[in-house]
Amino acid sequence: VDLFTGLTQIMPKLIARLLGVDNRFTICMAATALQIAPAWASVFHLGSIAIERYVAITKPLLYHVIVTPIRLAIAVGTNVSVAIAFAVIPLAWPREQFPKLCLSIMWYPSVYTYVFVIIPLAAVLILMFMLYLQIYIIARKQEIAIAAGNSVSVPNNNSRSQKESRATQVFILICGIALSCYVPFWMGTVLLLANPNNTLVIYIYYITLIC
C-alpha cells in the first residue's frame with residue numbers, strides 16, 4: 001500500500017500538469033482518486049498496526065485470542081473499503097462546484113476537505129501518537145526489567161518480551177517517520193484552507209504533499 005501510495009501520490013498529477021491537462025475534470029478526478037485511496041489505506045493500516053502493537057505489549061498472554069487471522073482480514077478489508085469510499089465520495093459533488101486547482105486540496109469542496117480529510121486524519125494521528133506513547137513507556141519498563149533479570153515483572157518469558165519489544169521499536173520508528181510527514185501535511189492543509197490565495201502557503205502545502 002505504501003509503495004502504491006508513493007507511486008500515485010504525485011506522479012499522475014505532475015504528468016498531467018506537464019501535459020497541460022491537469023485542470024480537466026475527468027483527468028484530475030482520476031488522478032486524485034488514485035491518490036486518495038492508497039493514501040487513506042496507508043493511514044488506516046498504520047493505525048491498525050498501532051492497535052495491534054498495543055495489544056501485543058499490554059496483553060501478551062491474550063494476544064493470539066484477540067488478534068486472530070479472521071480479525072486481521074476484517075481490519076485490512078475495512079481499511080481498504082473505507083479508503084476507496086473516501087476516494088469515490090467526491091464524485092457525488094456537482095462538477096461546476098470544483099475550482100480549477102487540481103494539484104491541491106482546494107480542488108475539493110470545503111465540506112469534503114473538513115469531513116473526509118482534516119477530521120479523520122487528525123483522529124488517526126492522535127490515536128497513533130497516544131497508543132505509541134503508552135507502548136513506548138511499557139516497552140521501556142519491560143526492557144529495564146529484563147536487563148535487571150527481574151522476570152517476575154515481565155508478563156511473558158524474556159525471549160518473547162525481547163522479541164515483542166524489538167518489533168514494537170521497529171513499528172514505532174516506521175510510524176514516527178509517517179507522523180513526521182503526515183502531521184506537516186495536516187497543518188499545510190489547514191493553512192491552505194485558511195489562506196487559499198497566499199503564495200507562500202500554497203508552496204508549503206505542495207512541499208508537505210510531496211513529503
# chains A, B, ... in the order shown; residues from 1 in each chain; ligands from 1
$ residues_around --residues "A:Leu125" --least-positions-apart "2" --cutoff "8 Å" --atoms "only C-alpha atoms" --output "PyMOL selection string"
chain A and resi 47+121-123+127-129+179+182-183
$ residues_around --residues "A:Leu133" --least-positions-apart "2" --cutoff "12 Å" --atoms "only C-alpha atoms" --output "PyMOL selection string"
chain A and resi 50+53-54+126-131+135-140+168-169+172+175-176
$ atom_distance --atom1 "atom CA of A:Tyr108" --atom2 "atom CA of A:Phe44"
21.3 Å
$ atom_distance --atom1 "atom CA of A:Val1" --atom2 "atom CA of A:Ala41"
6.9 Å
$ residues_around --residues "A:Leu192" --least-positions-apart "6" --cutoff "7 Å" --atoms "only C-alpha atoms" --output "JSON, numbers by chain"
{"A": [201, 202, 205]}
$ write_last_selection --atoms "N, CA, C and O atoms" --output "PDB file, in the first residue's frame"
ATOM      1  N   VAL A 201       1.862  29.945   1.425  1.00  0.00           N
ATOM      2  CA  VAL A 201       1.089  28.833   1.973  1.00  0.00           C
ATOM      3  C   VAL A 201       0.902  27.740   0.925  1.00  0.00           C
ATOM      4  O   VAL A 201       0.985  26.546   1.229  1.00  0.00           O
ATOM      5  N   ILE A 202       0.649  28.135  -0.321  1.00  0.00           N
ATOM      6  CA  ILE A 202       0.481  27.162  -1.408  1.00  0.00           C
ATOM      7  C   ILE A 202       1.750  26.350  -1.607  1.00  0.00           C
ATOM      8  O   ILE A 202       1.697  25.123  -1.742  1.00  0.00           O
ATOM      9  N   TYR A 205       2.150  23.913   1.238  1.00  0.00           N
ATOM     10  CA  TYR A 205       1.251  22.773   1.054  1.00  0.00           C
ATOM     11  C   TYR A 205       1.835  21.779   0.058  1.00  0.00           C
ATOM     12  O   TYR A 205       1.825  20.565   0.294  1.00  0.00           O
TER      13      TYR A 205
END
$ select_by_dssp --residues "stretch 48-129 of chain A" --states "helix (DSSP H, G or I)" --output "compact mmCIF listing (two decimals) with all heavy atoms, in the first residue's frame"
# COMPACT_ATOMS: atom_id res chain seq x y z
N SER A 48 -4.09 0.67 12.45
CA SER A 48 -4.37 -0.72 12.85
C SER A 48 -3.13 -1.37 13.46
O SER A 48 -3.23 -2.13 14.43
CB SER A 48 -4.84 -1.52 11.64
OG SER A 48 -6.05 -1.00 11.13
N ILE A 49 -1.97 -1.10 12.88
CA ILE A 49 -0.72 -1.65 13.41
C ILE A 49 -0.47 -1.11 14.82
O ILE A 49 0.00 -1.84 15.70
CB ILE A 49 0.47 -1.31 12.49
CG1 ILE A 49 0.35 -2.07 11.16
CG2 ILE A 49 1.80 -1.64 13.16
CD1 ILE A 49 1.37 -1.68 10.12
N ALA A 50 -0.79 0.15 15.04
CA ALA A 50 -0.62 0.73 16.38
C ALA A 50 -1.50 0.01 17.39
O ALA A 50 -1.06 -0.30 18.51
CB ALA A 50 -0.98 2.22 16.34
N ILE A 51 -2.73 -0.30 17.00
CA ILE A 51 -3.64 -1.04 17.90
C ILE A 51 -3.10 -2.45 18.15
O ILE A 51 -3.10 -2.95 19.28
CB ILE A 51 -5.05 -1.10 17.30
CG1 ILE A 51 -5.64 0.31 17.21
CG2 ILE A 51 -5.96 -2.01 18.13
CD1 ILE A 51 -6.96 0.37 16.46
N GLU A 52 -2.61 -3.10 17.08
CA GLU A 52 -2.06 -4.46 17.20
C GLU A 52 -0.85 -4.48 18.14
O GLU A 52 -0.72 -5.37 18.98
CB GLU A 52 -1.69 -4.97 15.81
CG GLU A 52 -1.15 -6.39 15.79
CD GLU A 52 0.36 -6.45 15.97
OE1 GLU A 52 1.05 -5.46 15.69
OE2 GLU A 52 0.85 -7.51 16.40
N ARG A 53 0.02 -3.48 18.01
CA ARG A 53 1.20 -3.41 18.87
C ARG A 53 0.79 -3.16 20.33
O ARG A 53 1.40 -3.67 21.26
CB ARG A 53 2.13 -2.29 18.40
CG ARG A 53 2.91 -2.60 17.14
CD ARG A 53 3.96 -3.68 17.37
NE ARG A 53 3.42 -5.02 17.22
CZ ARG A 53 3.96 -6.11 17.72
NH1 ARG A 53 5.06 -6.03 18.43
NH2 ARG A 53 3.42 -7.29 17.52
N TYR A 54 -0.24 -2.35 20.50
CA TYR A 54 -0.73 -2.05 21.86
C TYR A 54 -1.23 -3.32 22.53
O TYR A 54 -0.94 -3.58 23.70
CB TYR A 54 -1.83 -1.00 21.79
CG TYR A 54 -2.37 -0.59 23.14
CD1 TYR A 54 -1.66 0.32 23.93
CD2 TYR A 54 -3.56 -1.11 23.64
CE1 TYR A 54 -2.13 0.69 25.18
CE2 TYR A 54 -4.04 -0.74 24.88
CZ TYR A 54 -3.32 0.16 25.66
OH TYR A 54 -3.79 0.52 26.88
N VAL A 55 -1.97 -4.13 21.79
CA VAL A 55 -2.46 -5.40 22.33
C VAL A 55 -1.29 -6.33 22.64
O VAL A 55 -1.26 -7.00 23.68
CB VAL A 55 -3.44 -6.07 21.34
CG1 VAL A 55 -3.82 -7.47 21.83
CG2 VAL A 55 -4.69 -5.23 21.17
N ALA A 56 -0.29 -6.39 21.72
CA ALA A 56 0.85 -7.28 21.91
C ALA A 56 1.64 -6.93 23.17
O ALA A 56 2.15 -7.82 23.86
CB ALA A 56 1.76 -7.22 20.68
N ILE A 57 1.74 -5.65 23.49
CA ILE A 57 2.54 -5.22 24.62
C ILE A 57 1.74 -5.26 25.93
O ILE A 57 2.26 -5.66 26.98
CB ILE A 57 3.09 -3.79 24.38
CG1 ILE A 57 4.12 -3.81 23.25
CG2 ILE A 57 3.71 -3.21 25.64
CD1 ILE A 57 5.36 -4.62 23.54
N THR A 58 0.47 -4.87 25.87
CA THR A 58 -0.32 -4.77 27.11
C THR A 58 -1.00 -6.08 27.48
O THR A 58 -1.28 -6.31 28.67
CB THR A 58 -1.39 -3.66 26.98
OG1 THR A 58 -2.26 -3.98 25.88
CG2 THR A 58 -0.74 -2.31 26.74
N PRO A 60 -0.04 -9.61 26.36
CA PRO A 60 0.71 -10.63 25.62
C PRO A 60 0.13 -12.04 25.73
O PRO A 60 0.19 -12.81 24.78
CB PRO A 60 2.12 -10.55 26.23
CG PRO A 60 1.91 -9.94 27.58
CD PRO A 60 0.77 -9.00 27.43
N LEU A 61 -0.43 -12.37 26.88
CA LEU A 61 -0.97 -13.71 27.06
C LEU A 61 -2.29 -13.91 26.29
O LEU A 61 -2.65 -15.04 25.96
CB LEU A 61 -1.19 -14.00 28.55
CG LEU A 61 0.08 -14.00 29.42
CD1 LEU A 61 -0.28 -14.26 30.87
CD2 LEU A 61 1.06 -15.04 28.91
N LEU A 62 -2.99 -12.82 26.02
CA LEU A 62 -4.26 -12.90 25.30
C LEU A 62 -4.13 -12.50 23.83
O LEU A 62 -5.12 -12.44 23.11
CB LEU A 62 -5.30 -11.99 25.97
CG LEU A 62 -5.72 -12.37 27.39
CD1 LEU A 62 -6.66 -11.30 27.96
CD2 LEU A 62 -6.40 -13.73 27.40
N TYR A 63 -2.89 -12.22 23.41
CA TYR A 63 -2.67 -11.68 22.06
C TYR A 63 -3.29 -12.56 20.98
O TYR A 63 -4.03 -12.09 20.12
CB TYR A 63 -1.17 -11.50 21.81
CG TYR A 63 -0.85 -11.05 20.41
CD1 TYR A 63 -0.95 -9.70 20.06
CD2 TYR A 63 -0.47 -11.96 19.42
CE1 TYR A 63 -0.66 -9.28 18.78
CE2 TYR A 63 -0.18 -11.55 18.14
CZ TYR A 63 -0.28 -10.21 17.82
OH TYR A 63 -0.01 -9.80 16.54
N HIS A 64 -2.99 -13.85 21.02
CA HIS A 64 -3.47 -14.76 19.96
C HIS A 64 -4.97 -15.05 20.07
O HIS A 64 -5.56 -15.59 19.14
CB HIS A 64 -2.68 -16.06 19.99
CG HIS A 64 -1.25 -15.89 19.58
ND1 HIS A 64 -0.88 -15.55 18.30
CD2 HIS A 64 -0.10 -15.98 20.30
CE1 HIS A 64 0.44 -15.45 18.24
NE2 HIS A 64 0.94 -15.71 19.44
N VAL A 65 -5.56 -14.68 21.20
CA VAL A 65 -7.01 -14.79 21.34
C VAL A 65 -7.70 -13.57 20.74
O VAL A 65 -8.73 -13.67 20.08
CB VAL A 65 -7.40 -14.96 22.82
CG1 VAL A 65 -8.92 -14.98 22.98
CG2 VAL A 65 -6.78 -16.23 23.39
N ILE A 66 -7.08 -12.39 20.97
CA ILE A 66 -7.67 -11.14 20.49
C ILE A 66 -7.35 -10.90 19.02
O ILE A 66 -8.23 -10.56 18.22
CB ILE A 66 -7.16 -9.96 21.35
CG1 ILE A 66 -7.59 -10.15 22.80
CG2 ILE A 66 -7.68 -8.63 20.80
CD1 ILE A 66 -6.98 -9.12 23.75
N PRO A 69 -6.39 -14.35 12.72
CA PRO A 69 -6.31 -14.12 11.26
C PRO A 69 -7.60 -13.56 10.68
O PRO A 69 -7.56 -12.70 9.79
CB PRO A 69 -6.01 -15.52 10.71
CG PRO A 69 -5.29 -16.21 11.83
CD PRO A 69 -5.93 -15.70 13.08
N ILE A 70 -8.73 -14.01 11.18
CA ILE A 70 -10.02 -13.52 10.66
C ILE A 70 -10.18 -12.04 10.99
O ILE A 70 -10.59 -11.24 10.14
CB ILE A 70 -11.19 -14.33 11.25
CG1 ILE A 70 -11.14 -15.78 10.73
CG2 ILE A 70 -12.52 -13.69 10.89
CD1 ILE A 70 -12.21 -16.67 11.31
N ARG A 71 -9.86 -11.65 12.21
CA ARG A 71 -9.99 -10.25 12.59
C ARG A 71 -8.99 -9.37 11.83
O ARG A 71 -9.31 -8.22 11.49
CB ARG A 71 -9.79 -10.10 14.11
CG ARG A 71 -10.97 -10.64 14.91
CD ARG A 71 -10.73 -10.55 16.40
NE ARG A 71 -11.89 -11.03 17.15
CZ ARG A 71 -11.91 -11.22 18.45
NH1 ARG A 71 -10.82 -10.99 19.17
NH2 ARG A 71 -13.01 -11.65 19.05
N LEU A 72 -7.81 -9.90 11.59
CA LEU A 72 -6.84 -9.15 10.78
C LEU A 72 -7.36 -8.94 9.36
O LEU A 72 -7.23 -7.85 8.79
CB LEU A 72 -5.49 -9.89 10.75
CG LEU A 72 -4.68 -9.90 12.04
CD1 LEU A 72 -3.44 -10.77 11.88
CD2 LEU A 72 -4.28 -8.49 12.43
N ALA A 73 -7.95 -9.99 8.78
CA ALA A 73 -8.51 -9.89 7.43
C ALA A 73 -9.64 -8.87 7.40
O ALA A 73 -9.75 -8.07 6.45
CB ALA A 73 -9.00 -11.25 6.97
N ILE A 74 -10.48 -8.88 8.44
CA ILE A 74 -11.58 -7.91 8.51
C ILE A 74 -11.03 -6.49 8.63
O ILE A 74 -11.52 -5.55 7.98
CB ILE A 74 -12.49 -8.23 9.71
CG1 ILE A 74 -13.25 -9.54 9.46
CG2 ILE A 74 -13.48 -7.08 9.95
CD1 ILE A 74 -14.06 -10.01 10.66
N ALA A 75 -9.99 -6.32 9.43
CA ALA A 75 -9.39 -4.99 9.60
C ALA A 75 -8.82 -4.47 8.29
O ALA A 75 -9.06 -3.33 7.90
CB ALA A 75 -8.29 -5.05 10.67
N VAL A 76 -8.06 -5.32 7.59
CA VAL A 76 -7.47 -4.91 6.30
C VAL A 76 -8.56 -4.60 5.29
O VAL A 76 -8.51 -3.59 4.58
CB VAL A 76 -6.53 -6.01 5.77
CG1 VAL A 76 -6.07 -5.66 4.35
CG2 VAL A 76 -5.32 -6.17 6.68
N GLY A 77 -9.58 -5.49 5.23
CA GLY A 77 -10.68 -5.27 4.29
C GLY A 77 -11.44 -3.99 4.59
O GLY A 77 -11.80 -3.25 3.67
N THR A 78 -11.66 -3.71 5.87
CA THR A 78 -12.36 -2.49 6.26
C THR A 78 -11.53 -1.26 5.91
O THR A 78 -12.05 -0.27 5.39
CB THR A 78 -12.65 -2.50 7.77
OG1 THR A 78 -13.45 -3.64 8.09
CG2 THR A 78 -13.37 -1.23 8.19
N ASN A 79 -10.23 -1.32 6.20
CA ASN A 79 -9.35 -0.18 5.88
C ASN A 79 -9.39 0.15 4.39
O ASN A 79 -9.53 1.31 4.00
CB ASN A 79 -7.91 -0.50 6.29
CG ASN A 79 -7.75 -0.56 7.80
OD1 ASN A 79 -8.58 -0.05 8.54
ND2 ASN A 79 -6.68 -1.18 8.25
N VAL A 80 -9.27 -0.88 3.55
CA VAL A 80 -9.25 -0.67 2.11
C VAL A 80 -10.62 -0.18 1.62
O VAL A 80 -10.70 0.73 0.79
CB VAL A 80 -8.84 -1.96 1.38
CG1 VAL A 80 -8.97 -1.79 -0.14
CG2 VAL A 80 -7.41 -2.34 1.74
N SER A 81 -11.69 -0.75 2.14
CA SER A 81 -13.04 -0.37 1.71
C SER A 81 -13.34 1.08 2.05
O SER A 81 -13.87 1.83 1.22
CB SER A 81 -14.08 -1.30 2.36
OG SER A 81 -13.88 -2.63 1.99
N VAL A 82 -13.02 1.49 3.28
CA VAL A 82 -13.26 2.87 3.68
C VAL A 82 -12.39 3.82 2.86
O VAL A 82 -12.83 4.91 2.47
CB VAL A 82 -12.99 3.05 5.19
CG1 VAL A 82 -13.10 4.51 5.60
CG2 VAL A 82 -13.96 2.21 6.00
N ALA A 83 -11.15 3.42 2.59
CA ALA A 83 -10.25 4.26 1.79
C ALA A 83 -10.82 4.46 0.38
O ALA A 83 -10.80 5.58 -0.15
CB ALA A 83 -8.86 3.62 1.72
N ILE A 84 -11.33 3.40 -0.22
CA ILE A 84 -11.93 3.51 -1.55
C ILE A 84 -13.17 4.39 -1.50
O ILE A 84 -13.41 5.22 -2.39
CB ILE A 84 -12.27 2.12 -2.11
CG1 ILE A 84 -10.97 1.33 -2.39
CG2 ILE A 84 -13.10 2.23 -3.39
CD1 ILE A 84 -11.20 -0.10 -2.81
N ALA A 85 -13.97 4.24 -0.44
CA ALA A 85 -15.17 5.07 -0.28
C ALA A 85 -14.79 6.55 -0.19
O ALA A 85 -15.44 7.40 -0.81
CB ALA A 85 -15.94 4.64 0.97
N PHE A 86 -13.75 6.86 0.57
CA PHE A 86 -13.29 8.25 0.68
C PHE A 86 -12.88 8.80 -0.68
O PHE A 86 -13.03 10.00 -0.95
CB PHE A 86 -12.11 8.33 1.65
CG PHE A 86 -12.52 8.42 3.10
CD1 PHE A 86 -13.77 7.98 3.51
CD2 PHE A 86 -11.66 8.92 4.05
CE1 PHE A 86 -14.16 8.05 4.85
CE2 PHE A 86 -12.04 9.01 5.39
CZ PHE A 86 -13.29 8.57 5.78
N ALA A 87 -12.32 7.93 -1.53
CA ALA A 87 -11.88 8.37 -2.86
C ALA A 87 -13.04 8.56 -3.83
O ALA A 87 -12.96 9.37 -4.74
CB ALA A 87 -10.88 7.37 -3.42
N VAL A 88 -14.12 7.80 -3.63
CA VAL A 88 -15.25 7.83 -4.56
C VAL A 88 -16.26 8.91 -4.20
O VAL A 88 -16.92 9.47 -5.08
CB VAL A 88 -15.94 6.45 -4.59
CG1 VAL A 88 -17.24 6.50 -5.39
CG2 VAL A 88 -15.00 5.40 -5.18
N ILE A 89 -16.36 9.25 -2.91
CA ILE A 89 -17.36 10.21 -2.45
C ILE A 89 -17.32 11.54 -3.20
O ILE A 89 -18.38 12.11 -3.52
CB ILE A 89 -17.22 10.43 -0.93
CG1 ILE A 89 -17.79 9.22 -0.17
CG2 ILE A 89 -17.92 11.71 -0.47
CD1 ILE A 89 -17.55 9.25 1.32
N PRO A 90 -16.14 12.10 -3.53
CA PRO A 90 -16.13 13.39 -4.24
C PRO A 90 -16.87 13.36 -5.58
O PRO A 90 -17.31 14.42 -6.05
CB PRO A 90 -14.64 13.66 -4.46
CG PRO A 90 -13.95 12.91 -3.40
CD PRO A 90 -14.77 11.68 -3.19
N LEU A 91 -17.03 12.19 -6.17
CA LEU A 91 -17.73 12.11 -7.45
C LEU A 91 -19.19 12.51 -7.31
O LEU A 91 -19.85 12.82 -8.31
CB LEU A 91 -17.63 10.68 -8.00
CG LEU A 91 -16.22 10.19 -8.34
CD1 LEU A 91 -16.27 8.73 -8.75
CD2 LEU A 91 -15.61 11.03 -9.45
N ALA A 92 -19.71 12.53 -6.08
CA ALA A 92 -21.11 12.89 -5.87
C ALA A 92 -21.34 14.39 -5.98
O ALA A 92 -22.48 14.84 -6.15
CB ALA A 92 -21.58 12.39 -4.51
N ARG A 95 -20.14 18.90 -10.78
CA ARG A 95 -18.89 19.24 -11.44
C ARG A 95 -18.57 20.73 -11.38
O ARG A 95 -17.42 21.13 -11.21
CB ARG A 95 -18.97 18.79 -12.90
CG ARG A 95 -17.76 19.08 -13.74
CD ARG A 95 -17.90 18.40 -15.08
NE ARG A 95 -16.82 18.72 -15.97
CZ ARG A 95 -16.65 18.16 -17.16
NH1 ARG A 95 -17.51 17.25 -17.57
NH2 ARG A 95 -15.65 18.49 -17.93
N GLU A 96 -19.58 21.58 -11.48
CA GLU A 96 -19.32 23.01 -11.54
C GLU A 96 -18.86 23.58 -10.21
O GLU A 96 -18.38 24.72 -10.15
CB GLU A 96 -20.59 23.75 -12.00
CG GLU A 96 -21.78 23.57 -11.06
CD GLU A 96 -22.62 22.35 -11.42
OE1 GLU A 96 -22.16 21.56 -12.28
OE2 GLU A 96 -23.71 22.18 -10.86
N GLN A 97 -18.95 22.81 -9.12
CA GLN A 97 -18.53 23.31 -7.83
C GLN A 97 -17.03 23.14 -7.59
O GLN A 97 -16.51 23.59 -6.57
CB GLN A 97 -19.31 22.59 -6.71
CG GLN A 97 -20.79 22.95 -6.68
CD GLN A 97 -21.49 22.34 -5.48
OE1 GLN A 97 -20.84 21.85 -4.56
NE2 GLN A 97 -22.82 22.37 -5.49
N ILE A 105 -5.50 20.44 -2.41
CA ILE A 105 -6.71 20.04 -1.67
C ILE A 105 -7.84 21.00 -1.97
O ILE A 105 -9.03 20.70 -1.76
CB ILE A 105 -6.42 19.99 -0.15
CG1 ILE A 105 -7.44 19.11 0.57
CG2 ILE A 105 -6.39 21.38 0.44
CD1 ILE A 105 -7.34 17.66 0.26
N MET A 106 -7.52 22.20 -2.49
CA MET A 106 -8.54 23.18 -2.82
C MET A 106 -9.39 22.75 -4.02
O MET A 106 -10.37 23.38 -4.36
CB MET A 106 -7.89 24.54 -3.12
CG MET A 106 -7.16 25.15 -1.94
SD MET A 106 -8.20 25.36 -0.48
CE MET A 106 -9.30 26.63 -1.07
N TRP A 107 -8.98 21.64 -4.67
CA TRP A 107 -9.79 21.10 -5.76
C TRP A 107 -11.14 20.63 -5.24
O TRP A 107 -12.13 20.62 -5.95
CB TRP A 107 -9.04 19.94 -6.42
CG TRP A 107 -9.83 19.17 -7.43
CD1 TRP A 107 -10.37 17.93 -7.27
CD2 TRP A 107 -10.16 19.55 -8.77
NE1 TRP A 107 -11.01 17.52 -8.40
CE2 TRP A 107 -10.89 18.50 -9.36
CE3 TRP A 107 -9.90 20.69 -9.54
CZ2 TRP A 107 -11.38 18.54 -10.65
CZ3 TRP A 107 -10.37 20.73 -10.83
CH2 TRP A 107 -11.10 19.67 -11.37
N SER A 110 -15.07 22.49 0.30
CA SER A 110 -14.55 22.59 1.67
C SER A 110 -15.20 21.59 2.61
O SER A 110 -14.56 21.09 3.54
CB SER A 110 -14.74 24.01 2.20
OG SER A 110 -16.11 24.38 2.17
N VAL A 111 -16.47 21.26 2.39
CA VAL A 111 -17.16 20.29 3.25
C VAL A 111 -16.45 18.94 3.19
O VAL A 111 -16.20 18.30 4.22
CB VAL A 111 -18.64 20.13 2.82
CG1 VAL A 111 -19.30 19.01 3.62
CG2 VAL A 111 -19.39 21.42 3.00
N TYR A 112 -16.11 18.49 1.98
CA TYR A 112 -15.40 17.22 1.84
C TYR A 112 -14.04 17.28 2.53
O TYR A 112 -13.64 16.34 3.21
CB TYR A 112 -15.21 16.88 0.36
CG TYR A 112 -14.35 15.66 0.14
CD1 TYR A 112 -14.91 14.38 0.17
CD2 TYR A 112 -12.97 15.76 -0.05
CE1 TYR A 112 -14.13 13.26 0.01
CE2 TYR A 112 -12.19 14.64 -0.22
CZ TYR A 112 -12.77 13.39 -0.20
OH TYR A 112 -12.00 12.28 -0.35
N THR A 113 -13.34 18.38 2.35
CA THR A 113 -12.00 18.51 2.93
C THR A 113 -12.02 18.40 4.44
O THR A 113 -11.19 17.71 5.05
CB THR A 113 -11.38 19.85 2.51
OG1 THR A 113 -11.39 19.96 1.09
CG2 THR A 113 -9.94 19.95 3.00
N TYR A 114 -12.99 19.05 5.07
CA TYR A 114 -13.07 19.00 6.53
C TYR A 114 -13.53 17.63 7.03
O TYR A 114 -12.94 17.06 7.95
CB TYR A 114 -14.03 20.08 7.04
CG TYR A 114 -13.42 21.47 7.09
CD1 TYR A 114 -13.79 22.45 6.19
CD2 TYR A 114 -12.45 21.77 8.04
CE1 TYR A 114 -13.22 23.71 6.23
CE2 TYR A 114 -11.88 23.04 8.09
CZ TYR A 114 -12.27 24.00 7.17
OH TYR A 114 -11.70 25.25 7.22
N VAL A 115 -14.60 17.10 6.42
CA VAL A 115 -15.22 15.88 6.92
C VAL A 115 -14.41 14.64 6.58
O VAL A 115 -14.34 13.69 7.37
CB VAL A 115 -16.66 15.74 6.37
CG1 VAL A 115 -17.28 14.41 6.80
CG2 VAL A 115 -17.51 16.90 6.85
N PHE A 116 -13.75 14.61 5.40
CA PHE A 116 -13.08 13.40 4.94
C PHE A 116 -11.56 13.52 4.87
O PHE A 116 -10.90 12.58 4.45
CB PHE A 116 -13.63 12.99 3.57
CG PHE A 116 -15.08 12.59 3.60
CD1 PHE A 116 -16.06 13.47 3.20
CD2 PHE A 116 -15.46 11.34 4.07
CE1 PHE A 116 -17.40 13.11 3.24
CE2 PHE A 116 -16.78 10.97 4.11
CZ PHE A 116 -17.76 11.86 3.70
N VAL A 117 -11.01 14.66 5.26
CA VAL A 117 -9.55 14.81 5.27
C VAL A 117 -9.07 15.32 6.63
O VAL A 117 -8.35 14.61 7.34
CB VAL A 117 -9.07 15.76 4.15
CG1 VAL A 117 -7.55 15.93 4.22
CG2 VAL A 117 -9.46 15.22 2.78
N ILE A 118 -9.46 16.53 6.99
CA ILE A 118 -8.92 17.17 8.19
C ILE A 118 -9.27 16.38 9.46
O ILE A 118 -8.39 16.00 10.23
CB ILE A 118 -9.49 18.60 8.33
CG1 ILE A 118 -9.09 19.43 7.10
CG2 ILE A 118 -9.01 19.23 9.62
CD1 ILE A 118 -7.83 20.16 7.19
N ILE A 119 -10.56 16.14 9.68
CA ILE A 119 -11.01 15.50 10.93
C ILE A 119 -10.55 14.04 11.03
O ILE A 119 -9.97 13.64 12.05
CB ILE A 119 -12.54 15.62 11.08
CG1 ILE A 119 -12.95 17.09 11.21
CG2 ILE A 119 -13.03 14.82 12.29
CD1 ILE A 119 -14.43 17.33 11.23
N PRO A 120 -10.77 13.18 10.00
CA PRO A 120 -10.32 11.78 10.12
C PRO A 120 -8.81 11.66 10.28
O PRO A 120 -8.34 10.85 11.08
CB PRO A 120 -10.79 11.14 8.81
CG PRO A 120 -11.89 12.01 8.32
CD PRO A 120 -11.52 13.39 8.74
N LEU A 121 -8.05 12.47 9.53
CA LEU A 121 -6.60 12.39 9.62
C LEU A 121 -6.13 12.81 11.01
O LEU A 121 -5.25 12.16 11.59
CB LEU A 121 -5.95 13.28 8.56
CG LEU A 121 -4.42 13.21 8.45
CD1 LEU A 121 -3.96 11.78 8.20
CD2 LEU A 121 -3.91 14.14 7.36
N ALA A 122 -6.72 13.85 11.57
CA ALA A 122 -6.35 14.28 12.92
C ALA A 122 -6.67 13.19 13.93
O ALA A 122 -5.87 12.92 14.83
CB ALA A 122 -7.10 15.57 13.27
N ALA A 123 -7.83 12.54 13.78
CA ALA A 123 -8.22 11.48 14.71
C ALA A 123 -7.24 10.31 14.68
O ALA A 123 -6.82 9.80 15.73
CB ALA A 123 -9.63 10.99 14.37
N VAL A 124 -6.85 9.87 13.47
CA VAL A 124 -5.91 8.75 13.34
C VAL A 124 -4.53 9.13 13.89
O VAL A 124 -3.88 8.34 14.59
CB VAL A 124 -5.80 8.30 11.88
CG1 VAL A 124 -4.74 7.21 11.73
CG2 VAL A 124 -7.14 7.78 11.37
N LEU A 125 -4.06 10.34 13.60
CA LEU A 125 -2.76 10.78 14.07
C LEU A 125 -2.73 10.85 15.60
O LEU A 125 -1.76 10.43 16.23
CB LEU A 125 -2.41 12.14 13.47
CG LEU A 125 -2.18 12.19 11.96
CD1 LEU A 125 -1.87 13.62 11.51
CD2 LEU A 125 -1.05 11.26 11.54
N ILE A 126 -3.79 11.38 16.20
CA ILE A 126 -3.86 11.46 17.66
C ILE A 126 -3.90 10.06 18.28
O ILE A 126 -3.22 9.79 19.27
CB ILE A 126 -5.09 12.28 18.09
CG1 ILE A 126 -4.91 13.75 17.69
CG2 ILE A 126 -5.31 12.17 19.60
CD1 ILE A 126 -6.14 14.59 17.90
N LEU A 127 -4.69 9.15 17.66
CA LEU A 127 -4.76 7.77 18.15
C LEU A 127 -3.39 7.11 18.11
O LEU A 127 -2.96 6.49 19.10
CB LEU A 127 -5.75 6.97 17.30
CG LEU A 127 -5.80 5.45 17.57
CD1 LEU A 127 -6.36 5.19 18.95
CD2 LEU A 127 -6.62 4.74 16.50
N MET A 128 -2.69 7.24 16.98
CA MET A 128 -1.36 6.65 16.84
C MET A 128 -0.40 7.22 17.87
O MET A 128 0.37 6.48 18.50
CB MET A 128 -0.84 6.86 15.42
CG MET A 128 -1.56 6.05 14.36
SD MET A 128 -1.07 6.54 12.68
CE MET A 128 0.71 6.31 12.76
N PHE A 129 -0.41 8.52 18.04
CA PHE A 129 0.51 9.17 18.98
C PHE A 129 0.27 8.68 20.41
O PHE A 129 1.21 8.33 21.12
CB PHE A 129 0.35 10.69 18.90
CG PHE A 129 1.22 11.43 19.88
CD1 PHE A 129 2.57 11.64 19.61
CD2 PHE A 129 0.70 11.91 21.07
CE1 PHE A 129 3.38 12.31 20.52
CE2 PHE A 129 1.49 12.58 21.98
CZ PHE A 129 2.84 12.79 21.71
